[in-house]
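K.L.:
I'm passing along run-v6.cif; it holds mmCIF, C-alpha atoms.
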data_model
#
loop_
_atom_site.label_atom_id
_atom_site.label_comp_id
_atom_site.auth_asym_id
_atom_site.auth_seq_id
_atom_site.Cartn_x
_atom_site.Cartn_y
_atom_site.Cartn_z
CA MET A 1 -116.15 13.29 117.26
CA LYS A 2 -119.37 12.20 115.58
CA VAL A 3 -119.61 11.92 111.79
CA GLU A 4 -122.41 10.91 109.48
CA LEU A 5 -121.58 9.22 106.20
CA LYS A 6 -123.93 8.55 103.30
CA ILE A 7 -123.44 5.02 101.98
CA ASP A 8 -124.75 4.14 98.53
CA GLY A 9 -125.14 0.52 97.50
CA MET A 10 -126.60 -1.00 100.67
CA LYS A 11 -129.45 -3.31 99.68
CA CYS A 12 -130.01 -5.67 102.61
CA GLU A 13 -129.16 -6.51 106.22
CA GLY A 14 -126.20 -8.50 104.91
CA CYS A 15 -124.70 -5.25 103.64
CA VAL A 16 -125.25 -3.64 107.05
CA ASN A 17 -123.58 -6.61 108.76
CA ARG A 18 -120.54 -6.40 106.46
CA ILE A 19 -120.12 -2.71 107.35
CA HIS A 20 -120.58 -3.49 111.07
CA ASN A 21 -117.84 -6.14 110.87
CA VAL A 22 -115.40 -3.71 109.25
CA LEU A 23 -116.15 -0.87 111.67
CA SER A 24 -115.74 -3.15 114.69
CA GLN A 25 -112.13 -3.85 113.63
CA ILE A 26 -110.97 -0.24 113.26
CA LYS A 27 -109.08 1.19 116.24
CA GLY A 28 -110.37 4.66 117.08
CA VAL A 29 -114.01 3.90 116.25
CA THR A 30 -115.83 4.08 119.59
CA SER A 31 -119.39 3.50 118.41
CA TYR A 32 -121.43 3.27 115.22
CA HIS A 33 -124.93 2.82 113.87
CA VAL A 34 -125.58 1.75 110.28
CA SER A 35 -129.05 2.41 108.85
CA LEU A 36 -130.23 0.49 105.79
CA GLU A 37 -133.39 2.60 105.66
CA ASN A 38 -131.51 5.93 105.64
CA LYS A 39 -128.52 4.55 103.70
CA ASN A 40 -126.08 6.09 106.16
CA ALA A 41 -123.79 5.42 109.08
CA THR A 42 -123.36 7.52 112.19
CA ILE A 43 -119.91 6.89 113.59
CA GLU A 44 -118.17 8.12 116.74
CA ILE A 45 -114.40 8.33 116.27
CA LYS A 46 -111.56 9.40 118.58
CA LYS A 47 -109.53 11.32 116.00
CA GLU A 48 -110.35 12.79 112.60
CA LYS A 49 -107.52 10.86 110.92
CA VAL A 50 -109.45 7.63 111.61
CA LEU A 51 -112.17 8.85 109.23
CA ASP A 52 -110.01 8.21 106.14
CA GLU A 53 -109.51 4.59 107.21
CA VAL A 54 -113.26 4.20 107.88
CA ILE A 55 -114.16 5.51 104.41
CA HIS A 56 -111.47 3.39 102.72
CA LYS A 57 -112.56 0.17 104.46
CA ILE A 58 -116.27 0.70 103.65
CA GLU A 59 -115.46 1.53 100.01
CA SER A 60 -113.28 -1.60 99.78
CA LEU A 61 -116.50 -3.56 100.38
CA GLY A 62 -117.92 -2.07 97.17
CA PHE A 63 -120.01 0.78 98.60
CA ILE A 64 -119.83 4.47 97.69
CA VAL A 65 -119.25 6.72 100.69
CA SER A 66 -119.75 10.48 100.89
CA LYS A 67 -119.60 12.92 103.79
#
Can the structure from this file be put into structure tokens for me?

P.N.:
Amino acid sequence: MKVELKIDGMKCEGCVNRIHNVLSQIKGVTSYHVSLENKNATIEIKKEKVLDEVIHKIESLGFIVSK
């Protein structure tokens, strides 16, 4: 299942790297691409219930996530 999330608050490649690090640790995330230019993330997940964890972890970094 592929989802695209809008992520407000990304300002630099450091922000992108922080999000990459979090996504790489979540079981059920099979692939992801974070775009600083588009301020979004395209994420491939195994099950929809993983999406809540993805959003929570990104928001815990201080970003605002919307579907």

K.L.:
Do you know which residues are at most 9 Å from A:Val54 counting only C-alpha atoms, after dropping those on the same chain fewer than 4 positions away, and could you put them as a PyMOL selection string?

P.N.:
chain A and resi 22-23+26+29+50+58-59

K.L.:
Got a sec: who's within 12 Å of A:Gly14, counting all atoms listed in the file, leaving out chain neighbours fewer than 6 positions off, as a ChimeraX atom specification?

P.N.:
/A:20-21,34-36,61

K.L.:
Have a look at A:Ser24, A:Cys15, A:Asn40, A:Glu53 and name the one nearest to A:Ser66; count all atoms listed in the file.

P.N.:
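The shortest atom-to-atom distance to A:Ser66 comes from A:Asn40.
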
K.L.:
Using atom CA of A:Lys27 and atom CA of A:Gly9 as the two end points, give the distance in Å to one decimal.

P.N.:
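Going from atom CA of A:Lys27 over to atom CA of A:Gly9 covers 24.7 Å.
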
K.L.:
Could you please give me, as a PyMOL selection string, the residues of protein, DNA or RNA lying at most 9 Å from (-111.1, 10.5, 114.8) in the coordinate frame of the file, considering all atoms listed in the file?

P.N.:
chain A and resi 1-2+28-29+44-51

K.L.:
Which residues fall under the PyMOL selection byres ((chain A and resi 4) around 6) in this file, as a list in words?

P.N.:
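Against this file, the PyMOL selection byres ((chain A and resi 4) around 6) returns the residues Val3, Leu5, Ala41 and Thr42 of chain A.
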
K.L.:
Smallest atom-to-atom distance to A:Ile55: which of A:Lys11, A:Asn38, A:Asn17, A:Lys67, using only C-alpha atoms?

P.N.:
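Checking each of A:Lys11, A:Asn38, A:Asn17, A:Lys67 against A:Ile55, counting only C-alpha atoms, the winner is A:Lys67.
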
K.L.:
Can you list, as a PyMOL selection string, the residues that the PyMOL selection byres ((chain A and resi 7) around 6) selects here?

P.N.:
chain A and resi 6+8+39-40+64-65

K.L.:
Box in all listed atoms of stretch 38-50 of chain A, axis-aligned, with 6 Å more on each side; write out centre and edge lengths in Å to one decimal as JSON.

P.N.:
{"center_x": -119.5, "center_y": 8.7, "center_z": 111.1, "size_x": 36.0, "size_y": 20.2, "size_z": 26.9}

K.L.:
Counting all atoms listed in the file, which residue out of A:Gln25, A:Thr30, A:Glu37, A:Ile19 sits closest to A:Ser60?

P.N.:
A:Ile19
